[in-house]
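start.tsv (TSV, C-alpha atoms and all ligand atoms) appears below.
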```tsv
chain	number	residue	atom	x	y	z
A	394	MET	CA	0.00	0.00	0.00
A	395	PRO	CA	1.70	3.21	-1.16
A	396	THR	CA	2.23	5.91	1.52
A	397	MET	CA	2.36	3.41	4.37
A	398	GLU	CA	5.48	3.63	6.50
A	399	LYS	CA	7.55	1.30	8.61
A	400	GLY	CA	6.18	1.31	12.16
A	401	ASP	CA	2.59	2.22	11.18
A	402	VAL	CA	-0.01	0.48	13.33
A	403	LEU	CA	-2.40	-1.55	11.17
A	404	GLY	CA	-5.95	-2.53	12.00
A	405	HIS	CA	-9.23	-1.78	10.30
A	406	GLU	CA	-11.67	-3.83	12.35
A	407	PRO	CA	-11.51	-3.10	16.07
A	408	MET	CA	-13.87	-3.34	19.00
A	409	GLY	CA	-13.24	-2.71	22.68
A	410	ILE	CA	-14.14	-1.03	25.93
A	411	VAL	CA	-14.00	2.76	26.34
A	412	VAL	CA	-11.25	3.64	28.85
A	413	GLU	CA	-11.30	7.42	28.48
A	414	VAL	CA	-13.39	10.06	26.66
A	415	GLY	CA	-12.44	13.47	25.29
A	416	SER	CA	-14.20	16.60	26.57
A	417	ALA	CA	-16.39	16.99	23.46
A	418	VAL	CA	-17.74	13.43	23.55
A	419	THR	CA	-21.36	13.26	24.73
A	420	LYS	CA	-22.60	9.84	23.63
A	421	LEU	CA	-20.02	7.51	25.17
A	422	LYS	CA	-18.69	6.99	28.66
A	423	LYS	CA	-15.97	4.96	30.32
A	424	GLY	CA	-16.87	1.27	30.35
A	425	ASP	CA	-19.06	1.29	27.20
A	426	ARG	CA	-18.52	-1.61	24.83
A	427	VAL	CA	-18.11	-0.40	21.24
A	428	VAL	CA	-17.42	-1.55	17.69
A	429	VAL	CA	-15.36	1.06	15.83
A	430	PRO	CA	-15.81	1.49	12.05
A	431	PHE	CA	-12.71	1.88	9.88
A	432	THR	CA	-13.95	5.06	8.20
A	433	ILE	CA	-13.52	8.25	10.24
A	434	ALA	CA	-16.27	10.82	9.68
A	435	CYS	CA	-17.27	14.15	11.21
A	436	GLY	CA	-21.03	13.65	10.84
A	437	GLU	CA	-21.61	17.30	9.86
A	438	CYS	CA	-20.04	18.11	6.48
A	439	PHE	CA	-21.77	18.10	3.05
A	440	PHE	CA	-20.85	14.44	2.47
A	441	CYS	CA	-21.68	13.16	5.97
A	442	LYS	CA	-25.10	14.83	5.71
A	443	LYS	CA	-25.67	12.77	2.57
A	444	GLN	CA	-24.57	9.66	4.51
A	445	LEU	CA	-21.49	9.38	2.28
A	446	PHE	CA	-19.34	8.89	5.36
A	447	SER	CA	-16.26	7.46	3.63
A	448	LEU	CA	-16.11	10.71	1.66
A	449	CYS	CA	-16.11	12.96	4.74
A	450	ASP	CA	-14.44	16.27	3.95
A	451	ARG	CA	-13.08	16.94	7.41
A	452	SER	CA	-11.43	13.77	8.75
A	453	ASN	CA	-8.30	13.45	6.61
A	454	PRO	CA	-5.47	15.67	7.88
A	455	ASN	CA	-3.47	14.77	4.76
A	456	ALA	CA	-6.27	15.76	2.38
A	457	GLU	CA	-3.94	17.87	0.25
A	458	LEU	CA	-1.84	14.80	-0.63
A	459	ALA	CA	-4.98	12.88	-1.59
A	460	ARG	CA	-6.35	15.84	-3.56
A	461	LYS	CA	-3.15	16.00	-5.63
A	462	ALA	CA	-3.38	12.29	-6.43
A	463	MET	CA	-7.13	11.90	-6.92
A	464	GLY	CA	-8.65	15.34	-7.44
A	465	HIS	CA	-10.47	15.22	-4.08
A	466	SER	CA	-9.82	13.54	-0.74
A	467	PRO	CA	-11.91	10.74	0.76
A	468	SER	CA	-12.28	10.43	4.56
A	469	GLY	CA	-9.52	9.38	6.92
A	470	LEU	CA	-9.22	5.64	7.61
A	471	PHE	CA	-7.76	3.74	10.55
A	472	GLY	CA	-4.62	1.70	10.00
A	473	PHE	CA	-4.20	2.53	6.34
A	474	SER	CA	-2.12	4.84	4.15
A	475	HIS	CA	-0.78	8.25	5.13
A	476	MET	CA	-2.58	9.64	2.12
A	477	LEU	CA	-5.79	8.77	3.99
A	478	GLY	CA	-4.64	10.25	7.27
A	479	GLY	CA	-2.07	7.80	8.66
A	480	PHE	CA	-4.34	7.13	11.69
A	481	PRO	CA	-2.86	4.39	13.92
A	482	GLY	CA	-5.13	1.34	13.64
A	483	GLY	CA	-6.80	-1.08	15.99
A	484	GLN	CA	-4.30	-3.96	16.11
A	485	ALA	CA	-3.11	-2.55	19.42
A	486	GLU	CA	-3.96	-2.50	23.12
A	487	TYR	CA	-5.45	1.01	22.86
A	488	LEU	CA	-6.98	3.01	20.03
A	489	ARG	CA	-7.57	6.75	19.82
A	490	VAL	CA	-10.91	7.36	18.09
A	491	PRO	CA	-11.51	10.84	16.58
A	492	PHE	CA	-15.15	12.02	16.14
A	493	ALA	CA	-16.15	9.43	18.74
A	494	ASP	CA	-19.79	10.55	18.83
A	495	VAL	CA	-20.15	9.71	15.13
A	496	GLY	CA	-18.25	6.47	14.54
A	497	PRO	CA	-18.37	3.90	17.33
A	498	LEU	CA	-21.45	1.72	17.70
A	499	LYS	CA	-22.32	1.27	21.37
A	500	LEU	CA	-23.44	-2.26	22.14
A	501	GLU	CA	-26.36	-2.61	24.51
A	502	ASN	CA	-26.72	-6.36	24.27
A	503	ASP	CA	-24.72	-9.32	25.50
A	504	LEU	CA	-23.96	-10.77	22.07
A	505	PRO	CA	-20.46	-12.28	22.04
A	506	ASP	CA	-17.70	-10.13	20.52
A	507	GLU	CA	-17.20	-12.47	17.59
A	508	LYS	CA	-20.79	-12.02	16.39
A	509	VAL	CA	-20.57	-8.21	16.26
A	510	LEU	CA	-16.88	-7.57	15.52
A	511	PHE	CA	-17.26	-7.54	11.74
A	512	LEU	CA	-19.71	-4.64	11.89
A	513	SER	CA	-16.42	-2.71	11.93
A	514	ASP	CA	-15.76	-3.42	8.22
A	515	ILE	CA	-16.34	-6.62	6.25
A	516	PHE	CA	-20.05	-7.21	6.93
A	517	PRO	CA	-21.10	-3.66	5.95
A	518	THR	CA	-18.55	-3.78	3.10
A	519	GLY	CA	-20.02	-6.98	1.66
A	520	TYR	CA	-23.51	-5.55	2.16
A	521	MET	CA	-22.74	-2.27	0.39
A	522	ALA	CA	-21.05	-4.29	-2.38
A	523	ALA	CA	-24.32	-6.12	-3.00
A	524	GLU	CA	-26.40	-2.94	-2.67
A	525	ASN	CA	-24.08	-1.22	-5.17
A	526	CYS	CA	-25.06	-3.58	-7.97
A	527	ASP	CA	-28.80	-2.88	-7.62
A	528	ILE	CA	-29.83	-6.52	-7.64
A	529	GLU	CA	-33.30	-7.24	-9.04
A	530	ALA	CA	-35.28	-10.26	-7.80
A	531	GLY	CA	-33.98	-13.45	-9.38
A	532	ASP	CA	-30.76	-11.95	-10.77
A	533	THR	CA	-27.63	-14.02	-11.23
A	534	VAL	CA	-24.80	-12.42	-9.25
A	535	ALA	CA	-21.16	-13.35	-9.90
A	536	VAL	CA	-18.71	-12.61	-7.08
A	537	TRP	CA	-14.96	-12.58	-7.81
A	538	GLY	CA	-13.02	-13.70	-4.73
A	539	CYS	CA	-14.09	-15.86	-1.81
A	540	GLY	CA	-12.19	-13.92	0.85
A	541	PRO	CA	-13.95	-12.42	3.89
A	542	VAL	CA	-15.39	-9.44	1.98
A	543	ALA	CA	-16.67	-11.72	-0.76
A	544	GLN	CA	-18.26	-14.08	1.78
A	545	PHE	CA	-20.37	-11.19	3.07
A	546	ALA	CA	-21.12	-9.99	-0.47
A	547	ILE	CA	-22.45	-13.49	-1.17
A	548	GLN	CA	-24.61	-13.51	2.00
A	549	SER	CA	-25.89	-10.02	1.16
A	550	ALA	CA	-26.66	-10.83	-2.49
A	551	TRP	CA	-29.24	-13.32	-1.20
A	552	LEU	CA	-30.63	-10.70	1.22
A	553	PHE	CA	-31.17	-8.39	-1.78
A	554	GLY	CA	-33.11	-11.07	-3.67
A	555	ALA	CA	-30.56	-12.75	-5.95
A	556	GLY	CA	-31.83	-15.89	-7.65
A	557	ARG	CA	-28.40	-17.37	-8.08
A	558	VAL	CA	-24.90	-16.59	-6.79
A	559	ILE	CA	-21.72	-17.79	-8.50
A	560	ALA	CA	-18.42	-17.32	-6.64
A	561	ILE	CA	-14.91	-17.44	-8.13
A	562	ASP	CA	-11.56	-18.14	-6.41
A	563	ARG	CA	-8.86	-20.78	-6.45
A	564	VAL	CA	-8.39	-21.48	-2.73
A	565	ALA	CA	-10.19	-24.72	-1.87
A	566	GLU	CA	-11.38	-23.84	1.65
A	567	ARG	CA	-12.62	-20.44	0.55
A	568	LEU	CA	-14.60	-21.97	-2.33
A	569	GLU	CA	-15.92	-24.52	0.15
A	570	MET	CA	-17.09	-21.75	2.53
A	571	ALA	CA	-18.86	-20.03	-0.39
A	572	ARG	CA	-20.68	-23.28	-1.13
A	573	THR	CA	-21.58	-24.29	2.42
A	574	TYR	CA	-22.28	-20.99	4.23
A	575	GLY	CA	-22.90	-18.97	1.05
A	576	LYS	CA	-25.01	-21.52	-0.87
A	577	ALA	CA	-23.16	-20.34	-3.99
A	578	GLU	CA	-22.13	-22.26	-7.08
A	579	THR	CA	-18.38	-21.96	-7.50
A	580	ILE	CA	-15.73	-21.67	-10.21
A	581	ASN	CA	-12.04	-22.40	-9.56
A	582	PHE	CA	-10.21	-19.99	-11.87
A	583	GLU	CA	-7.13	-22.18	-11.90
A	584	ASN	CA	-9.01	-25.11	-13.40
A	585	GLU	CA	-11.60	-23.41	-15.58
A	586	ASP	CA	-11.86	-20.47	-17.98
A	587	VAL	CA	-14.00	-18.02	-16.02
A	588	TYR	CA	-15.53	-16.29	-19.06
A	589	GLU	CA	-16.48	-19.56	-20.78
A	590	ARG	CA	-17.87	-21.11	-17.60
A	591	LEU	CA	-19.94	-18.04	-16.67
A	592	GLN	CA	-21.44	-17.87	-20.17
A	593	GLU	CA	-22.20	-21.57	-20.05
A	594	LEU	CA	-23.93	-21.21	-16.67
A	595	THR	CA	-26.05	-18.29	-17.90
A	596	GLY	CA	-27.06	-19.54	-21.35
A	597	GLY	CA	-24.57	-17.21	-23.07
A	598	ARG	CA	-26.04	-14.04	-21.56
A	599	GLY	CA	-23.55	-13.46	-18.74
A	600	PRO	CA	-24.25	-12.69	-15.07
A	601	ASP	CA	-26.63	-9.76	-14.47
A	602	ARG	CA	-24.54	-8.33	-11.62
A	603	CYS	CA	-20.80	-8.69	-11.00
A	604	ILE	CA	-18.90	-7.93	-7.79
A	605	ASP	CA	-15.11	-7.46	-7.77
A	606	ALA	CA	-14.25	-8.44	-4.18
A	607	VAL	CA	-10.59	-9.01	-5.07
A	608	GLY	CA	-9.20	-5.57	-5.95
A	609	CYS	CA	-5.69	-4.67	-7.00
A	610	GLU	CA	-3.95	-7.86	-5.85
A	611	ALA	CA	-5.61	-10.18	-8.35
A	612	HIS	CA	-3.90	-13.35	-9.52
A	613	SER	CA	-4.57	-15.04	-12.82
A	614	HIS	CA	-3.99	-18.38	-14.38
A	615	GLY	CA	-2.12	-17.64	-17.58
A	616	GLY	CA	-3.79	-14.37	-18.61
A	617	VAL	CA	-1.44	-12.19	-20.70
A	618	ASP	CA	-2.75	-9.05	-19.03
A	619	ALA	CA	-1.94	-10.49	-15.60
A	620	VAL	CA	1.62	-11.39	-16.64
A	621	LEU	CA	2.15	-7.80	-17.79
A	622	ASP	CA	0.67	-6.44	-14.52
A	623	LYS	CA	2.97	-8.64	-12.49
A	624	ALA	CA	6.06	-7.57	-14.42
A	625	LYS	CA	5.12	-3.87	-14.10
A	626	ALA	CA	4.35	-4.22	-10.39
A	627	ALA	CA	7.74	-5.88	-9.82
A	628	VAL	CA	9.54	-2.79	-11.15
A	629	MET	CA	7.12	-0.36	-9.50
A	630	LEU	CA	5.51	0.71	-12.79
A	631	THR	CA	2.04	-0.05	-11.47
A	632	THR	CA	0.39	-0.46	-8.09
A	633	ASP	CA	-2.63	-2.34	-9.39
A	634	ARG	CA	-3.12	-5.82	-10.85
A	635	ALA	CA	-6.55	-5.31	-12.37
A	636	HIS	CA	-7.23	-8.71	-13.94
A	637	VAL	CA	-10.55	-9.16	-12.12
A	638	LEU	CA	-11.93	-5.75	-13.09
A	639	ARG	CA	-11.14	-6.49	-16.74
A	640	GLU	CA	-12.67	-9.95	-16.52
A	641	ALA	CA	-15.85	-8.68	-14.83
A	642	ILE	CA	-16.39	-6.13	-17.64
A	643	ARG	CA	-15.95	-8.85	-20.23
A	644	CYS	CA	-18.20	-11.39	-18.49
A	645	CYS	CA	-21.07	-9.13	-17.35
A	646	ARG	CA	-24.27	-9.27	-19.38
A	647	LYS	CA	-25.17	-6.30	-21.59
A	648	GLY	CA	-26.80	-3.56	-19.52
A	649	GLY	CA	-25.54	-5.21	-16.34
A	650	GLN	CA	-23.99	-3.65	-13.28
A	651	ILE	CA	-20.57	-4.01	-11.67
A	652	SER	CA	-19.81	-3.27	-8.04
A	653	VAL	CA	-16.21	-2.81	-6.90
A	654	PRO	CA	-15.59	-3.12	-3.16
A	655	GLY	CA	-12.08	-4.44	-3.94
A	656	ALA	CA	-9.46	-1.78	-3.27
A	657	TYR	CA	-7.55	-0.08	-6.11
A	658	VAL	CA	-4.89	2.51	-5.43
A	659	GLY	CA	-3.41	3.95	-8.60
A	660	MET	CA	-3.93	3.85	-12.33
A	661	PRO	CA	-4.66	0.31	-13.52
A	662	ASP	CA	-4.30	0.05	-17.27
A	663	LYS	CA	-5.73	-2.06	-20.11
A	664	ILE	CA	-9.27	-1.57	-18.78
A	665	PRO	CA	-11.63	-2.56	-21.63
A	666	PHE	CA	-13.54	0.70	-21.51
A	667	GLY	CA	-14.80	0.17	-25.06
A	668	ALA	CA	-16.61	-2.95	-23.88
A	669	PHE	CA	-17.85	-1.12	-20.80
A	670	MET	CA	-19.34	1.66	-22.93
A	671	ASN	CA	-20.70	-0.42	-25.79
A	672	LYS	CA	-22.28	-3.01	-23.47
A	673	GLY	CA	-24.00	-0.20	-21.57
A	674	LEU	CA	-22.63	-1.24	-18.19
A	675	THR	CA	-22.90	0.64	-14.89
A	676	MET	CA	-20.26	0.61	-12.16
A	677	LYS	CA	-20.36	1.67	-8.50
A	678	SER	CA	-17.55	1.58	-5.98
A	679	GLY	CA	-16.14	3.18	-2.84
A	680	GLN	CA	-14.83	2.67	0.63
A	681	THR	CA	-17.83	1.63	2.70
A	682	HIS	CA	-20.06	4.31	4.22
A	683	MET	CA	-19.81	2.39	7.46
A	684	GLN	CA	-21.89	4.58	9.77
A	685	ARG	CA	-24.88	4.14	7.40
A	686	TYR	CA	-24.95	0.35	7.80
A	687	MET	CA	-23.79	-0.56	11.31
A	688	ARG	CA	-27.10	-0.16	13.13
A	689	PRO	CA	-29.36	-1.87	10.55
A	690	LEU	CA	-26.92	-4.76	10.24
A	691	LEU	CA	-26.64	-5.09	14.03
A	692	ALA	CA	-30.43	-5.57	13.97
A	693	LYS	CA	-30.00	-8.46	11.52
A	694	ILE	CA	-27.48	-10.09	13.88
A	695	GLU	CA	-29.75	-9.52	16.90
A	696	SER	CA	-32.72	-11.06	15.11
A	697	GLY	CA	-30.65	-14.12	14.21
A	698	GLU	CA	-30.89	-13.50	10.44
A	699	ILE	CA	-27.10	-13.77	10.18
A	700	ASP	CA	-24.17	-14.74	12.40
A	701	PRO	CA	-21.00	-13.18	10.91
A	702	SER	CA	-18.67	-15.29	13.05
A	703	PHE	CA	-18.85	-18.12	10.48
A	704	VAL	CA	-15.92	-16.53	8.66
A	705	ILE	CA	-13.43	-16.82	11.59
A	706	THR	CA	-10.83	-19.57	11.19
A	707	HIS	CA	-8.06	-18.38	13.55
A	708	ARG	CA	-7.89	-16.68	16.95
A	709	VAL	CA	-4.46	-15.60	18.22
A	710	PRO	CA	-2.99	-13.22	20.81
A	711	LEU	CA	-1.83	-9.87	19.44
A	712	THR	CA	1.77	-10.85	20.17
A	713	GLN	CA	1.48	-13.57	17.51
A	714	ALA	CA	0.23	-11.17	14.83
A	715	PRO	CA	3.39	-11.36	12.66
A	716	GLU	CA	3.09	-15.15	12.31
A	717	ALA	CA	-0.65	-14.84	11.70
A	718	TYR	CA	0.03	-12.36	8.88
A	719	LYS	CA	2.35	-14.89	7.23
A	720	THR	CA	-0.20	-17.67	7.59
A	721	PHE	CA	-2.88	-15.41	6.08
A	722	ARG	CA	-0.68	-14.23	3.21
A	723	ASP	CA	0.39	-17.74	2.28
A	724	LYS	CA	-3.16	-19.13	2.66
A	725	GLU	CA	-1.81	-21.80	4.98
A	726	ASP	CA	-3.71	-23.84	7.54
A	727	GLY	CA	-7.09	-23.03	5.96
A	728	CYS	CA	-6.67	-19.41	7.07
A	729	ILE	CA	-9.56	-17.19	6.00
A	730	LYS	CA	-10.05	-14.71	8.85
A	731	VAL	CA	-7.94	-14.07	11.94
A	732	VAL	CA	-9.12	-12.46	15.18
A	733	LEU	CA	-6.31	-10.88	17.23
A	734	LYS	CA	-6.84	-10.69	20.98
A	735	PRO	CA	-4.77	-8.04	22.80
A	801	LIG	N1	-14.40	-0.95	-0.13
A	801	LIG	C1	-14.10	-1.09	1.14
A	801	LIG	O1	-14.50	-0.31	1.98
A	801	LIG	C2	-13.28	-2.27	1.58
A	801	LIG	C3	-13.31	-2.72	2.90
A	801	LIG	C4	-12.58	-3.87	3.23
A	801	LIG	C5	-11.81	-4.51	2.30
A	801	LIG	N2	-11.79	-4.01	1.03
A	801	LIG	C6	-11.03	-4.67	-0.04
A	801	LIG	O2	-11.76	-5.81	-0.48
A	801	LIG	C7	-10.84	-6.72	-1.09
A	801	LIG	C8	-11.05	-8.12	-0.51
A	801	LIG	O3	-10.76	-8.16	0.86
A	801	LIG	P1	-10.57	-9.55	1.60
A	801	LIG	O4	-10.29	-9.24	3.03
A	801	LIG	O5	-11.70	-10.45	1.30
A	801	LIG	O6	-9.20	-10.06	0.90
A	801	LIG	P2	-8.51	-11.47	0.70
A	801	LIG	O7	-7.15	-11.18	0.21
A	801	LIG	O8	-8.68	-12.35	1.90
A	801	LIG	O9	-9.35	-12.17	-0.47
A	801	LIG	C9	-9.13	-11.96	-1.83
A	801	LIG	C10	-9.45	-13.27	-2.55
A	801	LIG	O10	-9.40	-13.05	-3.95
A	801	LIG	C11	-8.93	-14.24	-4.54
A	801	LIG	N3	-8.48	-13.95	-5.91
A	801	LIG	C12	-7.26	-13.50	-6.33
A	801	LIG	N4	-7.25	-13.39	-7.67
A	801	LIG	C13	-8.48	-13.77	-8.11
A	801	LIG	C14	-9.07	-13.91	-9.40
A	801	LIG	N5	-8.39	-13.62	-10.52
A	801	LIG	N6	-10.36	-14.34	-9.48
A	801	LIG	C15	-11.06	-14.65	-8.38
A	801	LIG	N7	-10.54	-14.56	-7.11
A	801	LIG	C16	-9.27	-14.14	-6.99
A	801	LIG	C17	-7.83	-14.70	-3.59
A	801	LIG	O11	-7.52	-16.06	-3.77
A	801	LIG	C18	-8.47	-14.41	-2.23
A	801	LIG	O12	-9.17	-15.53	-1.72
A	801	LIG	C19	-9.45	-6.15	-0.81
A	801	LIG	O13	-9.05	-5.40	-1.94
A	801	LIG	C20	-9.68	-5.21	0.35
A	801	LIG	O14	-8.73	-4.19	0.43
A	801	LIG	C21	-12.50	-2.92	0.66
A	802	ZN	ZN	-17.88	14.77	7.41
```
Once you've parsed the file, please lay out its structure as structure tokens.
Amino acid sequence: MPTMEKGDVLGHEPMGIVVEVGSAVTKLKKGDRVVVPFTIACGECFFCKKQLFSLCDRSNPNAELARKAMGHSPSGLFGFSHMLGGFPGGQAEYLRVPFADVGPLKLENDLPDEKVLFLSDIFPTGYMAAENCDIEAGDTVAVWGCGPVAQFAIQSAWLFGAGRVIAIDRVAERLEMARTYGKAETINFENEDVYERLQELTGGRGPDRCIDAVGCEAHSHGGVDAVLDKAKAAVMLTTDRAHVLREAIRCCRKGGQISVPGAYVGMPDKIPFGAFMNKGLTMKSGQTHMQRYMRPLLAKIESGEIDPSFVITHRVPLTQAPEAYKTFRDKEDGCIKVVLKP
């Protein structure tokens, strides 16, 4: 991730107990149990008033850097790049939370931590990913990736009325989770041509809605575009390996819609924009507007409609985080999602 520095504290998905409050905080007190969203928002600016919290105009102290790179600055984020604020993240014993009356969700139930923890990022992110492709009842939704974000995009696609969900990855246990918990049909991109298989499964029309839950670290099995991306990334000529975005544009049915929760950072090239335009596609994306979704999704957990803890495969003390990162990166030991306990 460009503009991250050695010594930065990572951590996008924290929860904890309030140990101290600043003088301007009115809604929280010492001892409250909270889930903290990864997007930092003021709650008062033009964008926050429109509930576009991840686009908050006032929470990124390094907005000028982001404006130079992107034209305008999104909100600050915990445990991410300095371009988005360089805020120390939640993989720590303590976390300083700016705009604490706007972000943290106070828990007034006795649900176990593991059921509510992912309200901090991946559950709302998967949910917004599904919402962002405007699913119509009965639609076929293709989801690239079977990582944690994709697992919640799959769950949410059903909540929005999908008739069929097809999930794509190459990691056996992730595909298995998509089948068992996600009730999805699956494609292993290492064994099958994704375009051919998706057309076959949809009578040549292509999936109605496509979700790129992979982002800029896509792998490919033999695609020329992916080989070029890899070579350019190795010599720092690109920050993005956009194979999935290209594939989704090619596979999507005419007039269909693509949602991109997967993170991109720079200027991915070879995007088939001619196909995008001529097929009349629509695309929506963004960092998740967390504060918009946390409460309604908590209600779904409370009512028993969903239990997000299904995605957890590993629980380790914070001191073992470096080893857990290696296990996660190398997809060893069936590792899908790690919970760190300080
Ligand atoms: N928009 C947001 O607010 C937001 C929030 C959280 C995460 N994200 C982003 O969402 C993305 C997914 O996050 P995650 O935690 O699930 O990541 P992850 O790395 O665990 O999962 C990515 C999955 O994609 C698979 N994959 C790689 N190449 C593929 C290909 N060509 N086709 C199909 N699958 C392929 C990998 O095998 C892996 O299982 C990341 O880019 C992350 O940064 C975005
Ligand atoms: Zn704001």
Pick the closest to Pro454 in chain A from A:Gly436, A:Gly483, A:Gly596, A:Pro491: which is it, counting all atoms listed in the file?
->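 The shortest atom-to-atom distance to Pro454 in chain A comes from A:Pro491.
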Select, counting all atoms listed in the file, all protein, DNA and RNA residues no farther than 8 Å from (-14.8, -10.5, -10.9) in file coordinates, and express the selection as a count of residues only.
-> 15
All residues having an atom within 8 Å of ligand LIG 801 (chain A) (only C-alpha atoms and all ligand atoms) as a ChimeraX atom specification = /A:514-515,518,522,537-544,561-564,567,581-582,605-614,636-637,653-657,678-682,721-722,729-730
Within 12 Å of (-9.5, 4.0, 28.9) (coordinates as in the file), grab all the protein and nucleic acid residues, counting only C-alpha atoms, and write them out as number ranges by chain.
-> A: 409-415, 421-426, 486-490
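Remark: for ligand ZN 802 (chain A), the closest of the candidate residues A:Leu498, A:Cys449, A:Ile433, A:Met394 is A:Cys449 (distances computed over only C-alpha atoms and all ligand atoms).
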CA of Glu583 in chain A and CA of Asp527 in chain A are how many Å apart?
-> 29.3 Å
Could range 495-508 of chain A be completed with N, CA and C atoms and returned as a PDB file, in the coordinates of the input?
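Written file, result_5.pdb:
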```pdb
ATOM      1  N   VAL A 495     -19.608  10.029  16.455  1.00  0.00           N
ATOM      2  CA  VAL A 495     -20.150   9.710  15.130  1.00  0.00           C
ATOM      3  C   VAL A 495     -19.848   8.278  14.714  1.00  0.00           C
ATOM      4  N   GLY A 496     -18.654   7.781  15.034  1.00  0.00           N
ATOM      5  CA  GLY A 496     -18.250   6.470  14.540  1.00  0.00           C
ATOM      6  C   GLY A 496     -18.685   5.282  15.369  1.00  0.00           C
ATOM      7  N   PRO A 497     -18.180   5.144  16.582  1.00  0.00           N
ATOM      8  CA  PRO A 497     -18.370   3.900  17.330  1.00  0.00           C
ATOM      9  C   PRO A 497     -19.829   3.531  17.550  1.00  0.00           C
ATOM     10  N   LEU A 498     -20.109   2.258  17.439  1.00  0.00           N
ATOM     11  CA  LEU A 498     -21.450   1.720  17.700  1.00  0.00           C
ATOM     12  C   LEU A 498     -21.440   1.151  19.113  1.00  0.00           C
ATOM     13  N   LYS A 499     -22.250   1.752  19.988  1.00  0.00           N
ATOM     14  CA  LYS A 499     -22.320   1.270  21.370  1.00  0.00           C
ATOM     15  C   LYS A 499     -23.204   0.032  21.421  1.00  0.00           C
ATOM     16  N   LEU A 500     -22.684  -1.007  22.074  1.00  0.00           N
ATOM     17  CA  LEU A 500     -23.440  -2.260  22.140  1.00  0.00           C
ATOM     18  C   LEU A 500     -24.227  -2.312  23.437  1.00  0.00           C
ATOM     19  N   GLU A 501     -25.540  -2.533  23.298  1.00  0.00           N
ATOM     20  CA  GLU A 501     -26.360  -2.610  24.510  1.00  0.00           C
ATOM     21  C   GLU A 501     -26.981  -3.983  24.630  1.00  0.00           C
ATOM     22  N   ASN A 502     -26.234  -4.978  24.186  1.00  0.00           N
ATOM     23  CA  ASN A 502     -26.720  -6.360  24.270  1.00  0.00           C
ATOM     24  C   ASN A 502     -25.562  -7.196  24.808  1.00  0.00           C
ATOM     25  N   ASP A 503     -25.820  -8.480  25.023  1.00  0.00           N
ATOM     26  CA  ASP A 503     -24.720  -9.320  25.500  1.00  0.00           C
ATOM     27  C   ASP A 503     -24.264 -10.313  24.422  1.00  0.00           C
ATOM     28  N   LEU A 504     -24.454  -9.915  23.159  1.00  0.00           N
ATOM     29  CA  LEU A 504     -23.960 -10.770  22.070  1.00  0.00           C
ATOM     30  C   LEU A 504     -22.444 -10.921  22.188  1.00  0.00           C
ATOM     31  N   PRO A 505     -21.912 -12.129  21.939  1.00  0.00           N
ATOM     32  CA  PRO A 505     -20.460 -12.280  22.040  1.00  0.00           C
ATOM     33  C   PRO A 505     -19.720 -11.403  21.023  1.00  0.00           C
ATOM     34  N   ASP A 506     -18.504 -10.991  21.388  1.00  0.00           N
ATOM     35  CA  ASP A 506     -17.700 -10.130  20.520  1.00  0.00           C
ATOM     36  C   ASP A 506     -17.644 -10.643  19.078  1.00  0.00           C
ATOM     37  N   GLU A 507     -17.443 -11.945  18.936  1.00  0.00           N
ATOM     38  CA  GLU A 507     -17.200 -12.470  17.590  1.00  0.00           C
ATOM     39  C   GLU A 507     -18.412 -12.328  16.662  1.00  0.00           C
ATOM     40  N   LYS A 508     -19.597 -12.188  17.233  1.00  0.00           N
ATOM     41  CA  LYS A 508     -20.790 -12.020  16.390  1.00  0.00           C
ATOM     42  C   LYS A 508     -20.922 -10.587  15.872  1.00  0.00           C
TER      43      LYS A 508
END
```
